[in-house]
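J.: I have a structure I would like to understand better, so I am pasting it below and will then ask my questions one at a time.
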Amino acid sequence: MTLAVLAAAKAMMTTGALVLPFARAADRLLGPRGCLLTFHRAAVSAAWEQLPNRDFYLDLDFLDGFLSYLVAAGWDVVTIGEALDRAARRDHDGRYVNFSIDDCYRDTFELVVPLFRRHNLPITLYVTTGIPDATLPLWSVGLEDGLLHSERVQVGNETLALTTPEQRRAAYARIAAAWDGPEADKHYAAFCAANGIDGDAMHWKHAMSWEMLDELARDPLVEIGAHTVSHARISALSPEAALDELAQSRRRLNERLGIDIKHFAFPYGRAADCGARDFLLARQAGFSSAATTRKGLLRPGQDPFSLPRNTINGAHRSLAAMEMHLTGLSGTAARVVGRV
Ligand SMILES: [Zn+2]
């Protein structure tokens, strides 16, 4: 074990000792509930420190400790299917949590699912089919990789010298914000050309392939759902185009993996990104549920087509931050300040 891992484990135990009494008191007050947690990527601690977009990744050692903590604290880790069954049963008196990963990158296959297997716990993958089909340029991922592995990059007319993780983080934040929008793919293509990056090779360095998904689909601990074809903001599309994104991603996963795809998650997932019309479209596309990223908890009687989910990112490396989600406090706070 590295020193960093030992330090992380020690910090986890210290925080756990502080947080557990609070969590136990909250459980007596709050009673039965479900909490859906979602994230995108994960990295081992040493790599995480260097990443230009590190808040997009969970620290794998933290996740490992958090899974042990949840089980020790009496939470059941369940699939979305099981969470829906429990939310539909008014007599259900337990506490349950689901983990889902959106988009699905290679580290889901290489790091995250193996970790859940070691704990014998299930995980849900919401796949954007444009990633294994290589029709969706992964511009933010390629930009991050380019900044991480060079000391000097060309961005437009600017030459950037990058030597420290801080410089790389600042460069990533600034460039990603400037590229974000309809021209992002064009900016990324120019960046690849200027810096000698092979866009195809970069895609497969980070993408989940159909071969990987095929293996994961046969794992009883892995539940696979859809997350559109092109990662579109569904509320911004016409009803026809929106239905197409939902139905085509379901059909494509079914065709490639030979399994029925029951669950869907909206890209971005906040109130402005998916609304009442879109929840109906998810039903029309043949799904049994649709998840948002509006914070909150599942209670008996929850509508399956507007499931609340709590996003956890790299900045949230404390059990206290996790307990904010598990107790529903983060959802209450978000509603109070109007961030829904
Ligand atoms: Zn997504």
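Chain identifiers are assigned as A, B, and so on, following the order in which chains appear in the structure tokens; residues are numbered from 1 within each chain, and ligands are numbered from 1 in order of appearance.
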Per residue of chain A within 6 Å of ligand 1, what are the shortest atom pair and its distance in Å to one decimal, counting only C-alpha atoms and all ligand atoms, with rows by chain and residue number, as JSON lines?

T.:
```
{"residue": "A:Asp102", "atom": "CA", "partner": "ligand 1", "partner_atom_place_in_ligand_line": "1 (Zn)", "distance": 4.9}
{"residue": "A:Asp103", "atom": "CA", "partner": "ligand 1", "partner_atom_place_in_ligand_line": "1 (Zn)", "distance": 4.8}
{"residue": "A:Pro267", "atom": "CA", "partner": "ligand 1", "partner_atom_place_in_ligand_line": "1 (Zn)", "distance": 4.5}
{"residue": "A:Tyr268", "atom": "CA", "partner": "ligand 1", "partner_atom_place_in_ligand_line": "1 (Zn)", "distance": 6.0}
```

J.: Now that the selection is made, can you save its residues with C-alpha atoms as a short mmCIF file (atom, residue, chain, number, x, y, z; two decimals), in the first residue's frame?

T.:
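Result saved to part37.cif:
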```cif
data_model
loop_
_atom_site.label_atom_id
_atom_site.label_comp_id
_atom_site.auth_asym_id
_atom_site.auth_seq_id
_atom_site.Cartn_x
_atom_site.Cartn_y
_atom_site.Cartn_z
CA ASP A 102 -23.38 7.78 -16.88
CA ASP A 103 -21.87 7.84 -20.40
CA PRO A 267 -28.08 13.64 -20.02
CA TYR A 268 -27.32 16.63 -17.73
#
```

J.: Give me the residues within 10 Å of Phe116 of chain A as a list in words, counting only C-alpha atoms and dropping any in the same chain fewer than 3 places off.

T.: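 The neighbour list is Leu63, Asp64, Leu67, Phe99, Leu111, Val112, Val113, His119, Asn120, Leu121, Pro122, Ile123, Leu221 and Val222 of chain A.
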
J.: Just to be explicit: take each residue in the selection above, keep C-alpha atoms, and write the result as a compact mmCIF listing (two decimals), in the first residue's frame.

T.:
```txt
# COMPACT_ATOMS: atom_id res chain seq x y z
CA LEU A 63 -15.21 4.77 -3.30
CA ASP A 64 -13.81 1.50 -1.91
CA LEU A 67 -18.88 1.00 -0.10
CA PHE A 99 -24.85 3.62 -7.82
CA LEU A 111 -11.65 -0.09 -12.43
CA VAL A 112 -15.20 0.52 -11.26
CA VAL A 113 -17.02 -2.73 -12.06
CA HIS A 119 -17.65 -5.99 -2.71
CA ASN A 120 -20.25 -8.27 -4.37
CA LEU A 121 -22.47 -5.22 -4.94
CA PRO A 122 -24.51 -4.27 -8.03
CA ILE A 123 -23.99 -1.22 -10.23
CA LEU A 221 -24.05 -7.55 -10.77
CA VAL A 222 -24.27 -5.16 -13.75
```

J.: Just want the 6 Å neighbourhood of segment 316-329 of chain A, counted on only C-alpha atoms, with same-chain residues fewer than 4 positions away dropped. Output as a list in words.

T.: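 My reading of the contact set: Cys35, Gly296 and Leu297 of chain A.
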
J.: Considering only C-alpha atoms, can you say which of A:Ala236, A:Leu257, A:Leu160, A:Ala276 comes closest to Trp210 of chain A?

T.: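 The answer is A:Leu257, which sits nearest to Trp210 of chain A.
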
J.: Applying 6 Å and only C-alpha atoms, which residues near Thr293 of chain A remain after dropping the ones on its own chain fewer than 4 positions away? List them as a count of residues only.

T.: 5

J.: What is the atom CA of Ser68 of chain A to atom CA of Leu37 of chain A distance in Å?

T.: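 Atom CA of Ser68 of chain A sits 15.5 Å away from atom CA of Leu37 of chain A.
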
J.: As a ChimeraX atom specification, please: every residue in segment 143-252 of chain A that a backbone DSSP assignment puts in strand (DSSP E or B).

T.: /A:152-155,158-161,207,222-226

J.: Pull the alpha helix (DSSP H) assignments for segment 57-171 of chain A out of DSSP run on the backbone, and list those residues as a PDB file with N, CA and C atoms, in the first residue's frame.

T.:
```pdb
ATOM      1  N   LEU A  60     -10.843   6.223  -6.492  1.00  0.00           N
ATOM      2  CA  LEU A  60     -11.243   4.819  -6.343  1.00  0.00           C
ATOM      3  C   LEU A  60     -11.080   4.322  -4.903  1.00  0.00           C
ATOM      4  N   ASP A  61     -10.040   4.788  -4.210  1.00  0.00           N
ATOM      5  CA  ASP A  61      -9.841   4.371  -2.813  1.00  0.00           C
ATOM      6  C   ASP A  61     -10.941   4.922  -1.923  1.00  0.00           C
ATOM      7  N   PHE A  62     -11.379   6.153  -2.225  1.00  0.00           N
ATOM      8  CA  PHE A  62     -12.492   6.712  -1.460  1.00  0.00           C
ATOM      9  C   PHE A  62     -13.761   5.892  -1.701  1.00  0.00           C
ATOM     10  N   LEU A  63     -14.019   5.558  -2.963  1.00  0.00           N
ATOM     11  CA  LEU A  63     -15.211   4.774  -3.296  1.00  0.00           C
ATOM     12  C   LEU A  63     -15.172   3.409  -2.599  1.00  0.00           C
ATOM     13  N   ASP A  64     -14.000   2.790  -2.573  1.00  0.00           N
ATOM     14  CA  ASP A  64     -13.810   1.502  -1.914  1.00  0.00           C
ATOM     15  C   ASP A  64     -14.214   1.612  -0.432  1.00  0.00           C
ATOM     16  N   GLY A  65     -13.699   2.652   0.239  1.00  0.00           N
ATOM     17  CA  GLY A  65     -14.021   2.855   1.659  1.00  0.00           C
ATOM     18  C   GLY A  65     -15.486   3.198   1.868  1.00  0.00           C
ATOM     19  N   PHE A  66     -16.055   3.963   0.952  1.00  0.00           N
ATOM     20  CA  PHE A  66     -17.462   4.361   1.066  1.00  0.00           C
ATOM     21  C   PHE A  66     -18.389   3.139   0.936  1.00  0.00           C
ATOM     22  N   LEU A  67     -18.048   2.213   0.038  1.00  0.00           N
ATOM     23  CA  LEU A  67     -18.879   0.999  -0.104  1.00  0.00           C
ATOM     24  C   LEU A  67     -18.856   0.194   1.198  1.00  0.00           C
ATOM     25  N   SER A  68     -17.677   0.066   1.802  1.00  0.00           N
ATOM     26  CA  SER A  68     -17.583  -0.668   3.081  1.00  0.00           C
ATOM     27  C   SER A  68     -18.396   0.047   4.155  1.00  0.00           C
ATOM     28  N   TYR A  69     -18.303   1.364   4.167  1.00  0.00           N
ATOM     29  CA  TYR A  69     -19.037   2.173   5.155  1.00  0.00           C
ATOM     30  C   TYR A  69     -20.545   1.956   5.016  1.00  0.00           C
ATOM     31  N   LEU A  70     -21.048   1.989   3.766  1.00  0.00           N
ATOM     32  CA  LEU A  70     -22.497   1.835   3.543  1.00  0.00           C
ATOM     33  C   LEU A  70     -22.996   0.495   4.057  1.00  0.00           C
ATOM     34  N   VAL A  71     -22.238  -0.565   3.739  1.00  0.00           N
ATOM     35  CA  VAL A  71     -22.659  -1.905   4.151  1.00  0.00           C
ATOM     36  C   VAL A  71     -22.630  -2.002   5.681  1.00  0.00           C
ATOM     37  N   ALA A  72     -21.559  -1.464   6.301  1.00  0.00           N
ATOM     38  CA  ALA A  72     -21.444  -1.498   7.765  1.00  0.00           C
ATOM     39  C   ALA A  72     -22.561  -0.690   8.425  1.00  0.00           C
ATOM     40  N   ILE A  80     -31.405  -0.408 -10.000  1.00  0.00           N
ATOM     41  CA  ILE A  80     -32.539   0.506 -10.190  1.00  0.00           C
ATOM     42  C   ILE A  80     -33.843  -0.297 -10.151  1.00  0.00           C
ATOM     43  N   GLY A  81     -33.822  -1.489 -10.771  1.00  0.00           N
ATOM     44  CA  GLY A  81     -35.035  -2.336 -10.759  1.00  0.00           C
ATOM     45  C   GLY A  81     -35.509  -2.597  -9.335  1.00  0.00           C
ATOM     46  N   GLU A  82     -34.558  -2.972  -8.461  1.00  0.00           N
ATOM     47  CA  GLU A  82     -34.901  -3.262  -7.064  1.00  0.00           C
ATOM     48  C   GLU A  82     -35.326  -1.979  -6.335  1.00  0.00           C
ATOM     49  N   ALA A  83     -34.664  -0.859  -6.634  1.00  0.00           N
ATOM     50  CA  ALA A  83     -35.045   0.419  -5.997  1.00  0.00           C
ATOM     51  C   ALA A  83     -36.485   0.774  -6.354  1.00  0.00           C
ATOM     52  N   LEU A  84     -36.870   0.527  -7.616  1.00  0.00           N
ATOM     53  CA  LEU A  84     -38.248   0.829  -8.034  1.00  0.00           C
ATOM     54  C   LEU A  84     -39.243  -0.073  -7.309  1.00  0.00           C
ATOM     55  N   ASP A  85     -38.883  -1.349  -7.168  1.00  0.00           N
ATOM     56  CA  ASP A  85     -39.774  -2.289  -6.444  1.00  0.00           C
ATOM     57  C   ASP A  85     -39.984  -1.810  -5.013  1.00  0.00           C
ATOM     58  N   ARG A  86     -38.879  -1.396  -4.386  1.00  0.00           N
ATOM     59  CA  ARG A  86     -38.990  -0.962  -2.982  1.00  0.00           C
ATOM     60  C   ARG A  86     -39.785   0.338  -2.866  1.00  0.00           C
ATOM     61  N   ALA A  87     -39.577   1.266  -3.809  1.00  0.00           N
ATOM     62  CA  ALA A  87     -40.310   2.541  -3.754  1.00  0.00           C
ATOM     63  C   ALA A  87     -41.805   2.317  -3.988  1.00  0.00           C
ATOM     64  N   ALA A  88     -42.140   1.252  -4.721  1.00  0.00           N
ATOM     65  CA  ALA A  88     -43.547   0.977  -5.009  1.00  0.00           C
ATOM     66  C   ALA A  88     -44.253   0.303  -3.829  1.00  0.00           C
ATOM     67  N   ARG A 106     -13.899   3.729 -20.494  1.00  0.00           N
ATOM     68  CA  ARG A 106     -13.119   2.506 -20.308  1.00  0.00           C
ATOM     69  C   ARG A 106     -12.844   2.205 -18.825  1.00  0.00           C
ATOM     70  N   ASP A 107     -12.669   3.248 -18.010  1.00  0.00           N
ATOM     71  CA  ASP A 107     -12.354   2.988 -16.598  1.00  0.00           C
ATOM     72  C   ASP A 107     -13.530   2.341 -15.861  1.00  0.00           C
ATOM     73  N   VAL A 113     -16.278  -1.465 -12.199  1.00  0.00           N
ATOM     74  CA  VAL A 113     -17.020  -2.726 -12.064  1.00  0.00           C
ATOM     75  C   VAL A 113     -16.198  -3.751 -11.266  1.00  0.00           C
ATOM     76  N   PRO A 114     -14.868  -3.887 -11.521  1.00  0.00           N
ATOM     77  CA  PRO A 114     -14.097  -4.817 -10.671  1.00  0.00           C
ATOM     78  C   PRO A 114     -14.177  -4.492  -9.175  1.00  0.00           C
ATOM     79  N   LEU A 115     -14.216  -3.194  -8.836  1.00  0.00           N
ATOM     80  CA  LEU A 115     -14.340  -2.817  -7.416  1.00  0.00           C
ATOM     81  C   LEU A 115     -15.691  -3.277  -6.856  1.00  0.00           C
ATOM     82  N   PHE A 116     -16.772  -3.054  -7.603  1.00  0.00           N
ATOM     83  CA  PHE A 116     -18.094  -3.486  -7.144  1.00  0.00           C
ATOM     84  C   PHE A 116     -18.158  -5.009  -7.046  1.00  0.00           C
ATOM     85  N   ARG A 117     -17.470  -5.692  -7.970  1.00  0.00           N
ATOM     86  CA  ARG A 117     -17.436  -7.169  -7.886  1.00  0.00           C
ATOM     87  C   ARG A 117     -16.739  -7.614  -6.606  1.00  0.00           C
ATOM     88  N   ARG A 118     -15.642  -6.928  -6.253  1.00  0.00           N
ATOM     89  CA  ARG A 118     -14.918  -7.313  -5.029  1.00  0.00           C
ATOM     90  C   ARG A 118     -15.811  -7.165  -3.805  1.00  0.00           C
ATOM     91  N   TRP A 139     -14.725  15.169 -26.963  1.00  0.00           N
ATOM     92  CA  TRP A 139     -13.803  16.319 -26.986  1.00  0.00           C
ATOM     93  C   TRP A 139     -13.238  16.682 -25.617  1.00  0.00           C
ATOM     94  N   SER A 140     -14.065  16.602 -24.586  1.00  0.00           N
ATOM     95  CA  SER A 140     -13.565  17.023 -23.273  1.00  0.00           C
ATOM     96  C   SER A 140     -12.539  16.016 -22.740  1.00  0.00           C
ATOM     97  N   VAL A 141     -12.783  14.745 -23.041  1.00  0.00           N
ATOM     98  CA  VAL A 141     -11.874  13.684 -22.612  1.00  0.00           C
ATOM     99  C   VAL A 141     -10.533  13.792 -23.360  1.00  0.00           C
ATOM    100  N   GLY A 142     -10.608  14.045 -24.674  1.00  0.00           N
ATOM    101  CA  GLY A 142      -9.397  14.179 -25.487  1.00  0.00           C
ATOM    102  C   GLY A 142      -8.609  15.428 -25.117  1.00  0.00           C
ATOM    103  N   LEU A 143      -9.327  16.507 -24.818  1.00  0.00           N
ATOM    104  CA  LEU A 143      -8.654  17.738 -24.385  1.00  0.00           C
ATOM    105  C   LEU A 143      -7.903  17.480 -23.079  1.00  0.00           C
ATOM    106  N   GLU A 144      -8.575  16.813 -22.151  1.00  0.00           N
ATOM    107  CA  GLU A 144      -7.940  16.539 -20.859  1.00  0.00           C
ATOM    108  C   GLU A 144      -6.680  15.692 -21.037  1.00  0.00           C
ATOM    109  N   ASP A 145      -6.795  14.641 -21.840  1.00  0.00           N
ATOM    110  CA  ASP A 145      -5.657  13.744 -22.062  1.00  0.00           C
ATOM    111  C   ASP A 145      -4.500  14.504 -22.711  1.00  0.00           C
ATOM    112  N   GLY A 146      -4.827  15.358 -23.710  1.00  0.00           N
ATOM    113  CA  GLY A 146      -3.798  16.144 -24.395  1.00  0.00           C
ATOM    114  C   GLY A 146      -3.063  17.061 -23.424  1.00  0.00           C
ATOM    115  N   LEU A 147      -3.802  17.687 -22.514  1.00  0.00           N
ATOM    116  CA  LEU A 147      -3.174  18.598 -21.540  1.00  0.00           C
ATOM    117  C   LEU A 147      -2.343  17.826 -20.513  1.00  0.00           C
ATOM    118  N   LEU A 148      -2.819  16.614 -20.174  1.00  0.00           N
ATOM    119  CA  LEU A 148      -2.137  15.822 -19.139  1.00  0.00           C
ATOM    120  C   LEU A 148      -0.788  15.301 -19.626  1.00  0.00           C
ATOM    121  N   PRO A 165       0.301  20.256 -12.083  1.00  0.00           N
ATOM    122  CA  PRO A 165      -1.116  19.888 -12.123  1.00  0.00           C
ATOM    123  C   PRO A 165      -2.029  21.116 -12.038  1.00  0.00           C
ATOM    124  N   GLU A 166      -1.612  22.137 -11.266  1.00  0.00           N
ATOM    125  CA  GLU A 166      -2.430  23.351 -11.125  1.00  0.00           C
ATOM    126  C   GLU A 166      -2.573  24.057 -12.470  1.00  0.00           C
ATOM    127  N   GLN A 167      -1.450  24.154 -13.201  1.00  0.00           N
ATOM    128  CA  GLN A 167      -1.505  24.794 -14.532  1.00  0.00           C
ATOM    129  C   GLN A 167      -2.428  24.014 -15.465  1.00  0.00           C
ATOM    130  N   ARG A 168      -2.352  22.706 -15.381  1.00  0.00           N
ATOM    131  CA  ARG A 168      -3.176  21.874 -16.275  1.00  0.00           C
ATOM    132  C   ARG A 168      -4.657  21.999 -15.905  1.00  0.00           C
ATOM    133  N   ARG A 169      -4.953  22.069 -14.617  1.00  0.00           N
ATOM    134  CA  ARG A 169      -6.362  22.236 -14.203  1.00  0.00           C
ATOM    135  C   ARG A 169      -6.913  23.575 -14.676  1.00  0.00           C
ATOM    136  N   ALA A 170      -6.110  24.630 -14.500  1.00  0.00           N
ATOM    137  CA  ALA A 170      -6.562  25.964 -14.911  1.00  0.00           C
ATOM    138  C   ALA A 170      -6.758  26.011 -16.425  1.00  0.00           C
ATOM    139  N   ALA A 171      -5.823  25.401 -17.177  1.00  0.00           N
ATOM    140  CA  ALA A 171      -5.931  25.400 -18.642  1.00  0.00           C
ATOM    141  C   ALA A 171      -7.181  24.628 -19.072  1.00  0.00           C
TER     142      ALA A 171
END
```

J.: Could you list, with a cut-off of 12 Å and counting only C-alpha atoms, the residues of segment 86-109 of chain A near segment 284-292 of chain A, each shown with its nearest atom pair and the distance in Å rounded to one decimal, rows sorted by chain and ascending number, as a Markdown table?

T.:
```
| residue | atom | partner | partner_atom | distance |
| --- | --- | --- | --- | --- |
| A:Asn98 | CA | A:Ala291 | CA | 11.7 |
| A:Ser100 | CA | A:Ala291 | CA | 10.0 |
| A:Ile101 | CA | A:Ala291 | CA | 11.8 |
| A:Asp102 | CA | A:Ala291 | CA | 10.7 |
```

J.: Go ahead and dump the residues you just picked, N, CA and C atoms, as a CSV table (one decimal), in the first residue's frame.

T.:
```
chain,number,residue,atom,x,y,z
A,98,ASN,N,-28.4,3.1,-4.7
A,98,ASN,CA,-28.0,2.6,-6.0
A,98,ASN,C,-26.9,3.5,-6.5
A,100,SER,N,-25.0,4.6,-10.0
A,100,SER,CA,-25.0,4.5,-11.5
A,100,SER,C,-23.9,5.3,-12.1
A,101,ILE,N,-23.4,4.8,-13.2
A,101,ILE,CA,-22.4,5.6,-14.0
A,101,ILE,C,-23.0,6.0,-15.3
A,102,ASP,N,-22.8,7.3,-15.6
A,102,ASP,CA,-23.4,7.8,-16.9
A,102,ASP,C,-22.3,7.8,-17.9
```

J.: Using only C-alpha atoms, which of A:Ala73, A:Leu298, A:Ala190, A:His149 sits nearest Ala25 of chain A?

T.: A:Ala73

J.: Go ahead and compute the interatomic distance for atom CA of Leu58 of chain A and atom CA of Arg294 of chain A, in Å to one decimal.

T.: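 Here the two named atoms are 19.4 Å from each other.
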
J.: Between A:Val155, A:Leu253, A:Leu36, A:Ala26, which residue has the minimum interatomic distance to Pro132 of chain A, considering only C-alpha atoms?

T.: A:Leu253

J.: I'd like the interatomic distance between atom CA of Thr124 of chain A and atom CA of Asp180 of chain A, to a tenth of an Å.

T.: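 That distance, rounded to one decimal, is 27.6 Å.
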
J.: Nearest residue to Phe39 of chain A out of A:Leu162, A:Ser150, A:Thr311, A:Thr332, using only C-alpha atoms?

T.: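 The closest residue to Phe39 of chain A is A:Thr311.
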
J.: Check the smallest atom-to-atom distance from each of A:Ala315, A:Ala161, A:Val97, A:Ile131 to Val229 of chain A using only C-alpha atoms, then report the winner.

T.: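 Nearest to Val229 of chain A: A:Ile131.
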
J.: When distances are computed from only C-alpha atoms, which of A:Leu307, A:Gly181, A:Lys295, A:Pro52 shows the smallest separation from Gly331 of chain A?

T.: A:Lys295

J.: Can you tell me which residues surround Asn195 of chain A at a distance of at most 8 Å, considering only C-alpha atoms, apart from same-chain residues fewer than 3 positions away, and format the answer as a PyMOL selection string?

T.: chain A and resi 153-154+191-192

J.: I need the residues from that last selection saved to file as a PDB file, in the first residue's frame (with N, CA and C atoms), if you can.

T.:
```
ATOM      1  N   VAL A 153       1.341  22.699 -25.379  1.00  0.00           N
ATOM      2  CA  VAL A 153       0.258  22.426 -26.345  1.00  0.00           C
ATOM      3  C   VAL A 153      -0.104  23.709 -27.090  1.00  0.00           C
ATOM      4  N   GLN A 154      -0.608  23.478 -28.306  1.00  0.00           N
ATOM      5  CA  GLN A 154      -1.054  24.577 -29.151  1.00  0.00           C
ATOM      6  C   GLN A 154      -2.579  24.607 -29.084  1.00  0.00           C
ATOM      7  N   PHE A 191      -7.530  21.088 -32.439  1.00  0.00           N
ATOM      8  CA  PHE A 191      -6.572  20.816 -31.351  1.00  0.00           C
ATOM      9  C   PHE A 191      -5.785  19.529 -31.646  1.00  0.00           C
ATOM     10  N   CYS A 192      -6.491  18.493 -32.093  1.00  0.00           N
ATOM     11  CA  CYS A 192      -5.833  17.217 -32.424  1.00  0.00           C
ATOM     12  C   CYS A 192      -4.832  17.433 -33.552  1.00  0.00           C
TER      13      CYS A 192
END
```

J.: May I have the residues within 10 Å of segment 250-252 of chain A as a short mmCIF file (atom, residue, chain, number, x, y, z; two decimals) with N, CA and C atoms, in the first residue's frame, using only C-alpha atoms and disregarding those fewer than 5 positions away in the same chain?

T.:
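And here's result.cif as it stands now:
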```
data_model
loop_
_atom_site.label_atom_id
_atom_site.label_comp_id
_atom_site.auth_asym_id
_atom_site.auth_seq_id
_atom_site.Cartn_x
_atom_site.Cartn_y
_atom_site.Cartn_z
N VAL A 127 -25.59 3.86 -20.61
CA VAL A 127 -24.65 3.96 -21.73
C VAL A 127 -25.14 4.94 -22.79
N THR A 128 -24.25 5.85 -23.20
CA THR A 128 -24.48 6.69 -24.39
C THR A 128 -23.96 5.89 -25.57
N THR A 129 -24.85 5.45 -26.47
CA THR A 129 -24.42 4.48 -27.49
C THR A 129 -23.46 5.07 -28.51
N GLY A 130 -23.42 6.39 -28.65
CA GLY A 130 -22.45 7.03 -29.54
C GLY A 130 -21.01 6.82 -29.09
N ASP A 133 -20.20 3.16 -30.37
CA ASP A 133 -20.34 3.25 -31.83
C ASP A 133 -19.36 4.25 -32.45
N GLY A 225 -28.57 0.35 -18.60
CA GLY A 225 -29.63 1.24 -19.05
C GLY A 225 -29.11 2.15 -20.15
N ALA A 226 -29.98 3.00 -20.69
CA ALA A 226 -29.62 3.86 -21.82
C ALA A 226 -29.48 5.31 -21.39
N HIS A 227 -28.67 6.05 -22.17
CA HIS A 227 -28.36 7.46 -21.85
C HIS A 227 -28.25 8.24 -23.16
N THR A 228 -29.17 7.98 -24.08
CA THR A 228 -29.26 8.57 -25.44
C THR A 228 -28.17 8.05 -26.39
N VAL A 229 -28.27 8.50 -27.64
CA VAL A 229 -27.28 8.16 -28.68
C VAL A 229 -26.15 9.18 -28.66
N ASP A 244 -36.56 9.99 -30.69
CA ASP A 244 -35.57 9.24 -31.45
C ASP A 244 -34.32 8.95 -30.60
N GLU A 245 -33.83 9.95 -29.89
CA GLU A 245 -32.64 9.76 -29.03
C GLU A 245 -32.90 8.68 -27.98
N LEU A 257 -26.54 -6.14 -27.43
CA LEU A 257 -26.29 -6.93 -26.21
C LEU A 257 -27.32 -8.04 -26.00
N GLY A 258 -28.42 -7.99 -26.76
CA GLY A 258 -29.43 -9.04 -26.66
C GLY A 258 -30.19 -9.04 -25.34
N ILE A 259 -30.27 -7.89 -24.68
CA ILE A 259 -31.02 -7.81 -23.42
C ILE A 259 -32.06 -6.69 -23.52
N ASP A 260 -33.13 -6.83 -22.74
CA ASP A 260 -34.15 -5.78 -22.71
C ASP A 260 -33.60 -4.61 -21.89
N ILE A 261 -33.72 -3.40 -22.43
CA ILE A 261 -33.20 -2.22 -21.73
C ILE A 261 -34.39 -1.49 -21.11
N LYS A 262 -34.44 -1.52 -19.78
CA LYS A 262 -35.63 -1.01 -19.08
C LYS A 262 -35.47 0.42 -18.56
N HIS A 263 -34.25 0.83 -18.32
CA HIS A 263 -34.05 2.09 -17.58
C HIS A 263 -33.26 3.11 -18.40
N PHE A 264 -33.60 4.38 -18.17
CA PHE A 264 -33.01 5.48 -18.93
C PHE A 264 -32.56 6.57 -17.96
N ALA A 285 -41.06 5.57 -25.21
CA ALA A 285 -39.94 4.85 -25.82
C ALA A 285 -39.81 3.42 -25.29
N GLY A 286 -40.64 3.06 -24.31
CA GLY A 286 -40.67 1.69 -23.82
C GLY A 286 -39.90 1.45 -22.54
N PHE A 287 -39.36 2.51 -21.93
CA PHE A 287 -38.63 2.33 -20.68
C PHE A 287 -39.60 2.14 -19.50
#
```
